[in-house]
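Trainee: Take this structure first; my questions come after.
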Amino acid sequence: VLKVSATVLSFKSDGGESDSESSGVPQWNNRQFTDLSNYSGSTSLSSVSGSVVSVYNSDYSSVDIQGGIQFSLNYVHKLREFHIFVVQCQNLAAVDTKRNRSDPYVKSYLIPDPANLGKRKTAVKKKTLNPTYNEILRYRVRMEYLMSQVLNLSAWHNDTFGRNSFLGEIELDLSSWDFNDTEWKLLPLKPRTAHYVTEKVKCQRFVKCEVHIWVKDCKNLPLIRSPTIDPYVKCFVLPDTSKKSRQKTRVLKRTANPIFNHTMVYDGFRAEDLKEACVELTVWDCDRLANHLLGGLRLGMGTGKSYGVQVDWMDSIAEEVALWRRVMESPNEWVEGMLPLRMVTAAKNTWK
C-alpha cells in the first residue's frame, strides 16, 4: 500500500522561475526541496505491511521578513493597461546568511482575479539585499475590473535548485487607490501569517491554490532484481505531461525501505482545475540499463474525463477518489490515507 498525505493551500503561491506557456493543456509551476525531517507538521504514522510510501505537505517559509519595496501604480487609459513600476527593494532578508545576500525578484498577483490574468515577475537580481529593478509589470485589463481587485506584490529569493524563499509581501486594495497619484511609494514588507490564510479561506476559497506533497518514505518495496533495488518516486500533475510538470525525488541506493523527505509543490491552480487534474505518483527502480516501474497511484476524481476530453489516466480507484475529495474539501490542512500500490501506465514514461 501507499501511505499518503497531501494538502491544497488556498493563497497566492511562490512558484518557480519558469512561467507556464500558453497552450491548450493547463500547465502548473512547480518547485521541490529535500531534507524535511525536522518539519513540525509531520506526524509519526504506524507502519504498514506491503509496499508503502508516506507523503506530507510542508511550510516553505525560511527567513524573517524585513525591508521594503518601492513602486508606483498607473492606469494607462489609452492602452487599457495597468502598470506596476517596480523601482527597488531595500534591506531584504539574507537567505545566504554566511555571505549576507539573496537573489531577489518581485512578483505580482491580482486577487481574486476571476479572469485568471496570472502573475507577473521582474528579473532576478543576484547577490544583493538592495536590488534595483526599474521594471514595469503590465496587465491588460479594464478599470472597472481592476477596481474590484487587491494587488499583491511579493519579494522572493530565487534558488537555482527550485527552493524559492518568501521574503515578504504587501497588499493594496485597488478599489480605494488613487490612480492619479503616480508618485513612488516605499512600503514595508510583511510576513504571510496564519491569520491571513484563514481569512482567505473564508472569503475567497480556492482563489489561488497550491498542491503540496511530501514524499517521506517507502516500505517493503518489491525486490524485482537481486540483491536489491535503487528506488525513487516521480510525480506528474496531469493533464500536464510537460517536462516542467515532472518532479522526482533523488535515487536512494540499495534499499527497499527508502527515506526521501522530499517536497513537491505545484501552483497556479484554480478551483475548477482541482476537479480536472490528477496527481500521479509512481515508484521506480533505477537500473543502469533501464528503469523499472514498481507501482503507483493516481489521486483524482476518477471520471474518465478531463476538461471534457476522454482520457485513460483519470482512472482513480474508489480509495484514491475519496482521498482527493478530502484534500479538496480541507484547504490548508493535510490529509492522509493508506492506498495500495497498483500498476499504472505512467505519464511520459520515456522520462525516467
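Quick note on naming: the chains in the C-alpha cells go A, B, ... in the order shown, residues restart at 1 in each chain, and ligands are numbered from 1 in order of appearance.
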As an MDAnalysis selection string, please: the residues near Ala318 (chain A) (cut-off 12 Å, only C-alpha atoms, same-chain neighbours under 6 positions excluded).
Mentor: chainID A and resid 297:303 324:325 339:340
Trainee: So which residues touch region 87-102 of chain A within 7 Å, counting only C-alpha atoms, skipping near sequence neighbours fewer than 5 positions away, as a ChimeraX atom specification?
Mentor: /A:63-71,126-135,157,167
Trainee: With only C-alpha atoms as the counted atoms, please give the residues lying no more than 10 Å from Asp287 (chain A), apart from itself and same-chain residues fewer than 6 positions off, as a PDB file with all heavy atoms, in the first residue's frame.
Mentor:
ATOM      1  N   ARG A 225      14.850  -7.255  -8.647  1.00  0.00           N
ATOM      2  CA  ARG A 225      16.146  -7.741  -9.116  1.00  0.00           C
ATOM      3  C   ARG A 225      17.043  -7.991  -7.904  1.00  0.00           C
ATOM      4  O   ARG A 225      16.818  -7.449  -6.816  1.00  0.00           O
ATOM      5  CB  ARG A 225      16.793  -6.761 -10.090  1.00  0.00           C
ATOM      6  CG  ARG A 225      17.051  -5.367  -9.550  1.00  0.00           C
ATOM      7  CD  ARG A 225      17.531  -4.433 -10.633  1.00  0.00           C
ATOM      8  NE  ARG A 225      17.678  -3.062 -10.143  1.00  0.00           N
ATOM      9  CZ  ARG A 225      18.812  -2.551  -9.679  1.00  0.00           C
ATOM     10  NH1 ARG A 225      19.902  -3.307  -9.648  1.00  0.00           N
ATOM     11  NH2 ARG A 225      18.867  -1.302  -9.259  1.00  0.00           N
ATOM     12  N   ILE A 229      17.330  -3.053  -4.748  1.00  0.00           N
ATOM     13  CA  ILE A 229      16.864  -2.072  -5.730  1.00  0.00           C
ATOM     14  C   ILE A 229      17.329  -0.675  -5.351  1.00  0.00           C
ATOM     15  O   ILE A 229      17.754  -0.437  -4.223  1.00  0.00           O
ATOM     16  CB  ILE A 229      15.321  -2.102  -5.857  1.00  0.00           C
ATOM     17  CG1 ILE A 229      14.668  -1.830  -4.495  1.00  0.00           C
ATOM     18  CG2 ILE A 229      14.848  -3.414  -6.455  1.00  0.00           C
ATOM     19  CD1 ILE A 229      13.166  -1.700  -4.555  1.00  0.00           C
ATOM     20  N   ASP A 230      17.242   0.261  -6.328  1.00  0.00           N
ATOM     21  CA  ASP A 230      17.611   1.662  -6.127  1.00  0.00           C
ATOM     22  C   ASP A 230      16.391   2.525  -6.438  1.00  0.00           C
ATOM     23  O   ASP A 230      16.230   3.022  -7.555  1.00  0.00           O
ATOM     24  CB  ASP A 230      18.777   2.052  -7.046  1.00  0.00           C
ATOM     25  CG  ASP A 230      20.030   1.231  -6.792  1.00  0.00           C
ATOM     26  OD1 ASP A 230      20.209   0.775  -5.651  1.00  0.00           O
ATOM     27  OD2 ASP A 230      20.813   1.032  -7.742  1.00  0.00           O
ATOM     28  N   PRO A 231      15.500   2.740  -5.457  1.00  0.00           N
ATOM     29  CA  PRO A 231      14.197   3.354  -5.757  1.00  0.00           C
ATOM     30  C   PRO A 231      14.216   4.883  -5.762  1.00  0.00           C
ATOM     31  O   PRO A 231      15.064   5.534  -5.153  1.00  0.00           O
ATOM     32  CB  PRO A 231      13.319   2.844  -4.618  1.00  0.00           C
ATOM     33  CG  PRO A 231      14.267   2.655  -3.478  1.00  0.00           C
ATOM     34  CD  PRO A 231      15.579   2.225  -4.085  1.00  0.00           C
TER      35      PRO A 231
END
Trainee: As a list in words, which residues of region 254-312 of chain A does DSSP assign to alpha helix (DSSP H)?
Mentor: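 Alpha helix (DSSP H) assignments inside region 254-312 of chain A correspond to Ala271, Glu272, Asp273, Leu274, Lys275 and Glu276 of chain A.
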Trainee: If you keep N, CA and C atoms, can you produce a file of those selected residues as a PDB file, in the first residue's frame?
Mentor:
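And here is the file that came out, out-v2.pdb:
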ATOM      1  N   ALA A 271     -10.016  26.678  -8.625  1.00  0.00           N
ATOM      2  CA  ALA A 271     -10.914  25.690  -8.039  1.00  0.00           C
ATOM      3  C   ALA A 271     -11.314  24.621  -9.049  1.00  0.00           C
ATOM      4  N   GLU A 272     -11.663  25.077 -10.267  1.00  0.00           N
ATOM      5  CA  GLU A 272     -12.128  24.113 -11.269  1.00  0.00           C
ATOM      6  C   GLU A 272     -11.018  23.190 -11.737  1.00  0.00           C
ATOM      7  N   ASP A 273      -9.757  23.638 -11.657  1.00  0.00           N
ATOM      8  CA  ASP A 273      -8.643  22.790 -12.075  1.00  0.00           C
ATOM      9  C   ASP A 273      -8.496  21.565 -11.181  1.00  0.00           C
ATOM     10  N   LEU A 274      -8.775  21.721  -9.885  1.00  0.00           N
ATOM     11  CA  LEU A 274      -8.592  20.616  -8.951  1.00  0.00           C
ATOM     12  C   LEU A 274      -9.497  19.440  -9.285  1.00  0.00           C
ATOM     13  N   LYS A 275     -10.670  19.709  -9.862  1.00  0.00           N
ATOM     14  CA  LYS A 275     -11.582  18.625 -10.248  1.00  0.00           C
ATOM     15  C   LYS A 275     -11.175  17.967 -11.551  1.00  0.00           C
ATOM     16  N   GLU A 276     -10.389  18.682 -12.366  1.00  0.00           N
ATOM     17  CA  GLU A 276      -9.984  18.154 -13.666  1.00  0.00           C
ATOM     18  C   GLU A 276      -8.579  17.558 -13.642  1.00  0.00           C
TER      19      GLU A 276
END
Trainee: Excluding Leu294 (chain A) and residues on its chain fewer than 3 positions from it, collect all residues at most 12 Å away from it, counting only C-alpha atoms, and give them as a count of residues only.
Mentor: 34
Trainee: For CA of Leu73 (chain A) and CA of Thr182 (chain A), determine how far apart the two atoms are, in Å to one decimal place.
Mentor: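 One can read the CA of Leu73 (chain A) to CA of Thr182 (chain A) distance as 5.8 Å.
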Trainee: Do you have the CA of Ile170 (chain A)-CA of Ser154 (chain A) distance handy?
Mentor: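 These two atoms are separated by 6.4 Å.
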Trainee: Please return as a VMD selection string: the residues of region 105-149 of chain A that backbone DSSP assigns to strand (DSSP E).
Mentor: chain A and resid 105 to 111 120 to 121 132 to 140
Trainee: Which residue is closest to Met143 (chain A)? Choose from A:Phe82, A:Tyr109, A:Phe269, A:Trp177 and count only C-alpha atoms.
Mentor: A:Phe82
Trainee: Taking 5 positions as the minimum chain separation for residues in the same chain, which residues sit within 9 Å of region 146-153 of chain A when counting only C-alpha atoms? Answer as an MDAnalysis selection string.
Mentor: chainID A and resid 12 69 82 106:113 141 168:177
Trainee: With N, CA, C and O atoms kept, could you save the residues just selected as a tab-separated table (two decimals), in the first residue's frame?
Mentor:
chain	number	residue	atom	x	y	z
A	12	LYS	N	-1.89	32.89	-2.40
A	12	LYS	CA	-1.02	33.11	-3.54
A	12	LYS	C	0.23	32.28	-3.38
A	12	LYS	O	0.81	32.20	-2.31
A	69	ILE	N	9.59	47.64	-0.20
A	69	ILE	CA	9.54	47.65	-1.66
A	69	ILE	C	9.07	49.03	-2.12
A	69	ILE	O	8.13	49.60	-1.56
A	82	PHE	N	-2.83	48.33	-16.89
A	82	PHE	CA	-2.44	48.63	-15.52
A	82	PHE	C	-0.94	48.42	-15.42
A	82	PHE	O	-0.43	47.33	-15.72
A	106	VAL	N	10.71	40.23	-7.73
A	106	VAL	CA	9.40	40.67	-7.27
A	106	VAL	C	8.32	40.07	-8.16
A	106	VAL	O	8.49	39.99	-9.39
A	107	LYS	N	7.23	39.68	-7.55
A	107	LYS	CA	6.12	39.04	-8.27
A	107	LYS	C	4.81	39.75	-7.91
A	107	LYS	O	4.63	40.21	-6.79
A	108	SER	N	3.90	39.82	-8.87
A	108	SER	CA	2.60	40.46	-8.63
A	108	SER	C	1.46	39.50	-8.96
A	108	SER	O	1.57	38.67	-9.88
A	109	TYR	N	0.39	39.63	-8.20
A	109	TYR	CA	-0.88	38.94	-8.46
A	109	TYR	C	-2.02	39.93	-8.28
A	109	TYR	O	-1.93	40.84	-7.43
A	110	LEU	N	-3.09	39.76	-9.04
A	110	LEU	CA	-4.36	40.39	-8.75
A	110	LEU	C	-5.25	39.36	-8.08
A	110	LEU	O	-5.34	38.21	-8.54
A	111	ILE	N	-5.92	39.76	-7.01
A	111	ILE	CA	-6.74	38.85	-6.22
A	111	ILE	C	-8.14	39.43	-6.08
A	111	ILE	O	-8.27	40.62	-5.78
A	112	PRO	N	-9.22	38.68	-6.33
A	112	PRO	CA	-9.27	37.24	-6.61
A	112	PRO	C	-9.06	36.85	-8.07
A	112	PRO	O	-8.95	35.68	-8.38
A	113	ASP	N	-9.04	37.79	-8.99
A	113	ASP	CA	-8.68	37.55	-10.38
A	113	ASP	C	-9.51	36.46	-11.05
A	113	ASP	O	-8.98	35.44	-11.50
A	141	VAL	N	-6.18	45.21	-18.80
A	141	VAL	CA	-7.39	44.99	-18.02
A	141	VAL	C	-8.21	46.28	-17.99
A	141	VAL	O	-7.66	47.40	-18.04
A	168	GLY	N	8.68	38.39	1.82
A	168	GLY	CA	7.71	39.36	2.30
A	168	GLY	C	6.77	39.83	1.21
A	168	GLY	O	7.01	39.61	0.02
A	169	GLU	N	5.67	40.48	1.62
A	169	GLU	CA	4.66	40.91	0.65
A	169	GLU	C	3.94	42.15	1.17
A	169	GLU	O	3.98	42.48	2.36
A	170	ILE	N	3.26	42.84	0.23
A	170	ILE	CA	2.33	43.90	0.58
A	170	ILE	C	1.04	43.65	-0.19
A	170	ILE	O	1.05	43.00	-1.24
A	171	GLU	N	-0.07	44.16	0.32
A	171	GLU	CA	-1.35	44.06	-0.37
A	171	GLU	C	-2.01	45.43	-0.40
A	171	GLU	O	-2.02	46.14	0.60
A	172	LEU	N	-2.57	45.76	-1.57
A	172	LEU	CA	-3.20	47.06	-1.78
A	172	LEU	C	-4.60	46.86	-2.32
A	172	LEU	O	-4.79	46.19	-3.35
A	173	ASP	N	-5.59	47.44	-1.64
A	173	ASP	CA	-6.98	47.39	-2.10
A	173	ASP	C	-7.15	48.44	-3.21
A	173	ASP	O	-7.16	49.65	-2.95
A	174	LEU	N	-7.27	47.96	-4.44
A	174	LEU	CA	-7.32	48.88	-5.58
A	174	LEU	C	-8.65	49.63	-5.69
A	174	LEU	O	-8.74	50.62	-6.41
A	175	SER	N	-9.66	49.17	-4.98
A	175	SER	CA	-10.96	49.88	-5.02
A	175	SER	C	-10.86	51.27	-4.40
A	175	SER	O	-11.64	52.16	-4.72
A	176	SER	N	-9.87	51.47	-3.52
A	176	SER	CA	-9.71	52.77	-2.86
A	176	SER	C	-8.41	53.46	-3.26
A	176	SER	O	-8.03	54.45	-2.65
A	177	TRP	N	-7.75	52.96	-4.28
A	177	TRP	CA	-6.47	53.54	-4.67
A	177	TRP	C	-6.68	54.76	-5.57
A	177	TRP	O	-7.54	54.76	-6.44
